[in-house]
Amino acid sequence: MKSMSHVTVSKKQREEILRALQAGFEKNMNRHKGLEWPKVQARLESNANKLWSLIEMERTGGEPDVVGHDKKTGEYIFYDCSAESPKGRRSVCYDREGQESRKEHKPENNAIDMAAAMGIELLTEEQYRELQKLGNFDTKTSSWVKTPSDIRKLGGALFADRRYGNVFVYHNSAPTYYATRAFRGLLRV
């Protein structure tokens, strides 16, 4: 696992991710009314380690986009905005404990460790519901969401999706995984 402080982003990688982010930003203005790309880009260019996280979000199919701006800190908030749960993060258990408790057919990874390695956090249930106000996401897939510790201590983990025009939050045991379930993350820049 790479240490976030030693991540280097090449000029080519920087240009590619900025181009992809700008295209997504301009195509989906409804997600960030009142925000301007030049200000977002300036913030991104002064935070190279965060650019690496966005490259990882993009590489794994997340299609990160700006969904908010924290006026107190000046940070822009990015969520994975792919229509379905990111393809490059599917078939994962919720966390390492769940992954290791499987007797057979262990998946290669888990959502919590993958997110940490990417320098991002899983969306909470509240954040997931906010995302769903911006469009229809996970109509065929589902996404693990950050699970409260009291539920996790009892062996459960939460995931969410959109079906029948509504957002649903459900539970599974943390060791479960499905080909149609990944996780969505957020990054503050």
# chains A, B, ... in the order shown; residues from 1 in each chain; ligands from 1
$ residues_around --residues "A:Leu35" --least-positions-apart "2" --cutoff "10 Å" --atoms "only C-alpha atoms" --output "PyMOL selection string"
chain A and resi 25+29+31-33+37-40+66-69+76
$ residues_around --residues "A:Ser143" --least-positions-apart "5" --cutoff "7 Å" --atoms "only C-alpha atoms" --output "MDAnalysis selection string"
chainID A and resid 85 159:161 181:184
$ write_last_selection --atoms "N, CA, C and O atoms" --output "CSV table (one decimal), in the first residue's frame"
chain,number,residue,atom,x,y,z
A,85,SER,N,-22.5,1.4,-9.2
A,85,SER,CA,-21.4,1.3,-8.3
A,85,SER,C,-20.0,1.0,-9.1
A,85,SER,O,-20.1,0.2,-10.0
A,159,PHE,N,-25.5,-1.4,3.2
A,159,PHE,CA,-25.3,-1.1,1.9
A,159,PHE,C,-26.6,-0.4,1.4
A,159,PHE,O,-27.6,-0.5,2.1
A,160,ALA,N,-26.5,0.3,0.3
A,160,ALA,CA,-27.7,1.1,-0.2
A,160,ALA,C,-27.8,1.0,-1.7
A,160,ALA,O,-26.8,0.7,-2.4
A,161,ASP,N,-29.0,1.3,-2.2
A,161,ASP,CA,-29.2,1.3,-3.7
A,161,ASP,C,-30.5,2.1,-3.9
A,161,ASP,O,-31.1,2.6,-3.0
A,181,ARG,N,-21.9,-5.3,-6.1
A,181,ARG,CA,-21.7,-4.3,-5.0
A,181,ARG,C,-20.3,-3.9,-4.9
A,181,ARG,O,-19.4,-4.7,-4.8
A,182,ALA,N,-20.1,-2.6,-4.8
A,182,ALA,CA,-18.8,-2.0,-4.6
A,182,ALA,C,-19.0,-1.0,-3.5
A,182,ALA,O,-19.7,-1.2,-2.5
A,183,PHE,N,-18.3,0.2,-3.6
A,183,PHE,CA,-18.5,1.2,-2.6
A,183,PHE,C,-18.3,2.6,-3.3
A,183,PHE,O,-17.6,2.6,-4.3
A,184,ARG,N,-18.9,3.6,-2.7
A,184,ARG,CA,-18.7,5.0,-3.2
A,184,ARG,C,-18.0,5.7,-2.2
A,184,ARG,O,-18.2,5.6,-1.0
$ closest_atom_pairs --of "stretch 20-133 of chain A" --to "stretch 163-176 of chain A" --cutoff "10 Å" --atoms "only C-alpha atoms" --output "CSV"
residue,atom,partner,partner_atom,distance
A:Ser91,CA,A:Thr176,CA,8.8
A:Val92,CA,A:Thr176,CA,7.9
A:Cys93,CA,A:Pro175,CA,5.1
A:Tyr94,CA,A:Ala174,CA,5.1
A:Asp95,CA,A:Ala174,CA,6.8
A:Arg96,CA,A:Pro175,CA,8.7
A:Glu97,CA,A:Pro175,CA,7.8
A:Gly98,CA,A:Pro175,CA,4.0
A:Gln99,CA,A:Pro175,CA,5.3
A:Glu100,CA,A:Pro175,CA,7.9
A:Ser101,CA,A:Pro175,CA,6.7
A:Arg102,CA,A:Pro175,CA,6.2
A:Lys103,CA,A:Pro175,CA,9.8
A:Lys106,CA,A:Pro175,CA,8.7
A:Pro107,CA,A:Pro175,CA,9.2
A:Asn110,CA,A:Pro175,CA,9.0
A:Glu125,CA,A:Val169,CA,7.6
A:Tyr128,CA,A:Val167,CA,8.9
A:Arg129,CA,A:Val167,CA,7.1
A:Gln132,CA,A:Val167,CA,7.4
A:Lys133,CA,A:Val167,CA,9.7
$ select_by_dssp --residues "stretch 17-113 of chain A" --states "alpha helix (DSSP H)" --output "JSON, numbers by chain"
{"A": [17, 18, 19, 20, 21, 22, 23, 24, 25, 26, 27, 37, 38, 39, 40, 41, 42, 43, 44, 45, 48, 49, 50, 51, 52, 53, 54, 55, 56, 57, 58, 59, 96, 97, 98, 99, 100, 101, 111, 112, 113]}
$ closest_residue --among "A:Gly34, A:Val145, A:Ala42, A:Ala115" --to "A:Glu56" --atoms "only C-alpha atoms"
A:Ala115
$ residues_around --residues "A:Trp52" --least-positions-apart "6" --cutoff "12 Å" --atoms "only C-alpha atoms" --output "VMD selection string"
chain A and resid 2 to 11 13 to 18 44 to 45 58 to 59 117 to 120 187 189
$ closest_residue --among "A:Gly74, A:Pro64, A:Gly88, A:Gly155" --to "A:Met114" --atoms "only C-alpha atoms"
A:Gly88
$ atom_distance --atom1 "atom CA of A:Thr180" --atom2 "atom CA of A:Thr141"
4.9 Å
$ select_by_dssp --residues "chain A" --states "strand (DSSP E or B)" --output "ChimeraX atom specification"
/A:64-69,76-80,93,110,121-122,142-145,156-163,166-173,181-183,185-188
$ atom_distance --atom1 "atom CA of A:Glu84" --atom2 "atom CA of A:Gly62"
8.7 Å
$ residues_around --residues "A:Leu186" --least-positions-apart "2" --cutoff "8 Å" --atoms "only C-alpha atoms" --output "number ranges by chain"
A: 77-80, 120-123, 184, 188
$ write_last_selection --atoms "C-alpha atoms" --output "mmCIF file, in the first residue's frame"
data_model
loop_
_atom_site.group_PDB
_atom_site.id
_atom_site.type_symbol
_atom_site.label_atom_id
_atom_site.label_comp_id
_atom_site.auth_asym_id
_atom_site.auth_seq_id
_atom_site.Cartn_x
_atom_site.Cartn_y
_atom_site.Cartn_z
ATOM 1 C CA ILE A 77 -16.189 17.838 -1.826
ATOM 2 C CA PHE A 78 -15.947 15.094 -4.443
ATOM 3 C CA TYR A 79 -18.161 11.984 -4.524
ATOM 4 C CA ASP A 80 -18.042 9.005 -6.861
ATOM 5 C CA ILE A 120 -10.844 8.401 0.435
ATOM 6 C CA GLU A 121 -13.707 7.570 2.824
ATOM 7 C CA LEU A 122 -16.865 5.551 2.266
ATOM 8 C CA LEU A 123 -20.021 7.626 1.970
ATOM 9 C CA ARG A 184 -18.708 4.954 -3.237
ATOM 10 C CA ARG A 188 -12.268 16.665 0.436
#
$ closest_residue --among "A:Glu126, A:Ala157, A:Ala48, A:Leu134" --to "A:Asp65" --atoms "only C-alpha atoms"
A:Leu134
